[in-house]
Amino acid sequence: MLLRILASARPTRRVFALAVLTFSMTVSTTTAQETEEVRAVLITGTSSGIGLRMTEVLSEDGFFVYAGARKAEDLERLNAMENVKSVRLDVTIQSEIDAAVALVRAEGRGMYGLINNAGVAVLGPLIELSEEDMDFQLDVNLFGPYRVTKAFADLLIESEGRIMTVSSIAGILSGPFIGAYSMSKHGVEAYTDALAAELDRFNVEVAAVEPGNYKSRITASMVKRMEASGYSADGSRYGSMLDLISGPLDRSQYE
């Protein structure tokens, strides 16, 4: 059973207990605190949103979390949390991924779980989207999990561990102007299916989750990249993509 969603009086917290449940993948509800050893988990993209919340939930439940982020202020904030060690980790930079593997090995906790969460969004019509923007979208959302999982594979096989990749409902259902994002997440779905079959012989269990909207900085980051690149609607058949964005850029309308 890949995912078990338990009823709780605190549904917001329990959405992110999916990470714990995915790692368990059994009938047991035992947490890391109830075992003799502290289980180590690495999560990418923990500066905000779902990644930050999973870091909070897992560390509170007794897991030791290696929290991947890119900015110095985020790394400092994460490092101040109990049972958390921040790791500079850009999933598009192989040298940083290799350094993270070396760190985990040197610390001797092993690696029980990997959560591929880091992600970005690119907005635009497919017939006008630049190849550079498409490359960026796929580089982070699809090749990122591929790179990180490949790098940590030996540690996860050694522990007979767990891998979870955060996909999206957009990986199943697509629509206008989110084609690039949906392509990246649909690729994650195919990647997860194949990886699960390949790692079954090593008793490593693999799953993906498809969350809907959640409070995060993904939209704000997208707009910031568009503005920094000098984005303009001039010459577009569709007008300004920025006009399609409604609500707060931090998505605070969602829980």
# chains A, B, ... in the order shown; residues from 1 in each chain; ligands from 1

$ residues_around --residues "Glu73 (chain A)" --least-positions-apart "4" --cutoff "12 Å" --atoms "only C-alpha atoms" --output "compact mmCIF listing (two decimals) with C-alpha atoms, in the first residue's frame"
# COMPACT_ATOMS: atom_id res chain seq x y z
CA SER A 47 12.90 26.97 1.88
CA ALA A 69 18.00 24.92 -0.03
CA ARG A 77 16.88 29.46 9.29
CA LEU A 78 16.60 25.73 8.59
CA ASN A 79 19.78 24.98 10.52
CA ALA A 80 18.23 26.50 13.63
CA SER A 86 20.61 22.50 6.18
CA ARG A 88 23.23 23.85 0.14

$ residues_around --residues "region 113-120 of chain A" --least-positions-apart "3" --cutoff "9 Å" --atoms "only C-alpha atoms" --output "ChimeraX atom specification"
/A:19,23,39-46,50-51,68-69,90-91,136-137,140-142,144-145,148-149,152,156,159,161-167,181,218-219,221-222

$ residues_around --residues "Ser59 (chain A)" --least-positions-apart "5" --cutoff "9 Å" --atoms "only C-alpha atoms" --output "list in words"
Met54, Phe64, Val65, Met81, Glu82, Asn83 and Val84 of chain A

$ write_last_selection --atoms "N, CA and C atoms" --output "short mmCIF file (atom, residue, chain, number, x, y, z; two decimals), in the first residue's frame"
data_model
loop_
_atom_site.label_atom_id
_atom_site.label_comp_id
_atom_site.auth_asym_id
_atom_site.auth_seq_id
_atom_site.Cartn_x
_atom_site.Cartn_y
_atom_site.Cartn_z
N MET A 54 7.02 19.70 5.21
CA MET A 54 7.46 18.32 5.42
C MET A 54 8.68 18.27 6.33
N PHE A 64 15.70 12.67 11.38
CA PHE A 64 16.73 13.68 11.17
C PHE A 64 16.64 14.11 9.72
N VAL A 65 16.46 15.40 9.50
CA VAL A 65 16.21 15.91 8.16
C VAL A 65 17.40 16.70 7.64
N MET A 81 16.56 24.75 13.29
CA MET A 81 15.49 23.83 13.69
C MET A 81 16.08 22.57 14.30
N GLU A 82 15.37 22.02 15.29
CA GLU A 82 15.82 20.80 15.94
C GLU A 82 15.70 19.62 14.97
N ASN A 83 16.69 18.73 15.01
CA ASN A 83 16.73 17.54 14.14
C ASN A 83 16.84 17.89 12.66
N VAL A 84 17.37 19.07 12.35
CA VAL A 84 17.50 19.50 10.96
C VAL A 84 18.92 20.01 10.72
#

$ residues_around --residues "Met183 (chain A)" --least-positions-apart "4" --cutoff "7 Å" --atoms "only C-alpha atoms" --output "list in words"
Gly171, Gly179 and Gly187 of chain A

$ write_last_selection --atoms "N, CA and C atoms" --output "short mmCIF file (atom, residue, chain, number, x, y, z; two decimals), in the first residue's frame"
data_model
loop_
_atom_site.label_atom_id
_atom_site.label_comp_id
_atom_site.auth_asym_id
_atom_site.auth_seq_id
_atom_site.Cartn_x
_atom_site.Cartn_y
_atom_site.Cartn_z
N GLY A 171 0.38 16.95 -13.33
CA GLY A 171 1.05 15.86 -14.02
C GLY A 171 0.07 14.85 -14.58
N GLY A 179 1.47 24.09 -19.98
CA GLY A 179 1.93 22.90 -20.68
C GLY A 179 3.33 22.47 -20.28
N GLY A 187 6.28 13.76 -16.76
CA GLY A 187 7.54 13.01 -16.82
C GLY A 187 7.90 12.41 -15.48
#

$ closest_residue --among "A:Arg109, A:Arg237, A:Arg201, A:Lys71" --to "Glu37 (chain A)" --atoms "only C-alpha atoms"
A:Arg109

$ closest_residue --among "A:Gly108, A:Ile97, A:Ala207, A:Pro125" --to "Gly239 (chain A)" --atoms "only C-alpha atoms"
A:Pro125

$ atom_distance --atom1 "CA of His186 (chain A)" --atom2 "CA of Leu173 (chain A)"
8.9 Å

$ select_by_dssp --residues "region 53-235 of chain A" --states "alpha helix (DSSP H)" --output "number ranges by chain"
A: 53-60, 72-79, 94-107, 131-141, 143-159, 179-199, 218-228

$ atom_distance --atom1 "CA of Glu198 (chain A)" --atom2 "CA of Ala151 (chain A)"
15.6 Å

$ decode --residues "region 154-210 of chain A" --atoms "C-alpha atoms" --output "CSV table (one decimal), in the first residue's frame"
chain,number,residue,atom,x,y,z
A,154,ASP,CA,23.6,3.4,-3.2
A,155,LEU,CA,22.8,4.9,0.2
A,156,LEU,CA,19.1,4.1,-0.3
A,157,ILE,CA,19.8,0.6,-1.4
A,158,GLU,CA,22.0,0.0,1.6
A,159,SER,CA,19.1,1.0,3.9
A,160,GLU,CA,16.3,-0.5,1.9
A,161,GLY,CA,14.9,3.0,2.1
A,162,ARG,CA,12.1,5.1,0.6
A,163,ILE,CA,11.9,7.6,-2.2
A,164,MET,CA,9.1,10.0,-2.7
A,165,THR,CA,8.9,12.6,-5.5
A,166,VAL,CA,6.4,15.4,-5.3
A,167,SER,CA,4.5,15.5,-8.6
A,168,SER,CA,1.3,17.5,-9.1
A,169,ILE,CA,-2.3,17.2,-10.2
A,170,ALA,CA,-0.9,19.0,-13.2
A,171,GLY,CA,1.0,15.9,-14.0
A,172,ILE,CA,-2.3,14.1,-14.7
A,173,LEU,CA,-4.4,17.0,-16.0
A,174,SER,CA,-3.0,19.8,-18.1
A,175,GLY,CA,-4.4,23.0,-19.5
A,176,PRO,CA,-3.6,26.2,-21.4
A,177,PHE,CA,-0.4,28.0,-20.6
A,178,ILE,CA,0.8,25.4,-18.0
A,179,GLY,CA,1.9,22.9,-20.7
A,180,ALA,CA,5.6,23.1,-19.8
A,181,TYR,CA,4.9,22.5,-16.1
A,182,SER,CA,2.5,19.7,-16.9
A,183,MET,CA,5.1,18.0,-19.2
A,184,SER,CA,7.7,18.1,-16.4
A,185,LYS,CA,5.3,16.6,-13.9
A,186,HIS,CA,3.9,14.0,-16.3
A,187,GLY,CA,7.5,13.0,-16.8
A,188,VAL,CA,7.9,12.6,-13.1
A,189,GLU,CA,4.9,10.2,-13.1
A,190,ALA,CA,6.6,8.0,-15.8
A,191,TYR,CA,9.9,8.3,-14.0
A,192,THR,CA,8.4,7.1,-10.7
A,193,ASP,CA,6.6,4.1,-12.3
A,194,ALA,CA,9.8,2.9,-13.9
A,195,LEU,CA,12.0,3.6,-10.9
A,196,ALA,CA,9.6,1.7,-8.6
A,197,ALA,CA,9.8,-1.4,-10.8
A,198,GLU,CA,13.6,-1.2,-11.1
A,199,LEU,CA,14.2,-0.7,-7.3
A,200,ASP,CA,11.8,-3.3,-6.2
A,201,ARG,CA,14.5,-6.0,-6.3
A,202,PHE,CA,16.4,-4.0,-3.7
A,203,ASN,CA,13.4,-3.5,-1.4
A,204,VAL,CA,13.5,0.2,-2.0
A,205,GLU,CA,9.9,1.5,-2.2
A,206,VAL,CA,9.1,4.4,-4.5
A,207,ALA,CA,6.1,6.7,-4.7
A,208,ALA,CA,4.9,10.0,-6.0
A,209,VAL,CA,2.2,12.3,-4.6
A,210,GLU,CA,0.1,14.7,-6.6
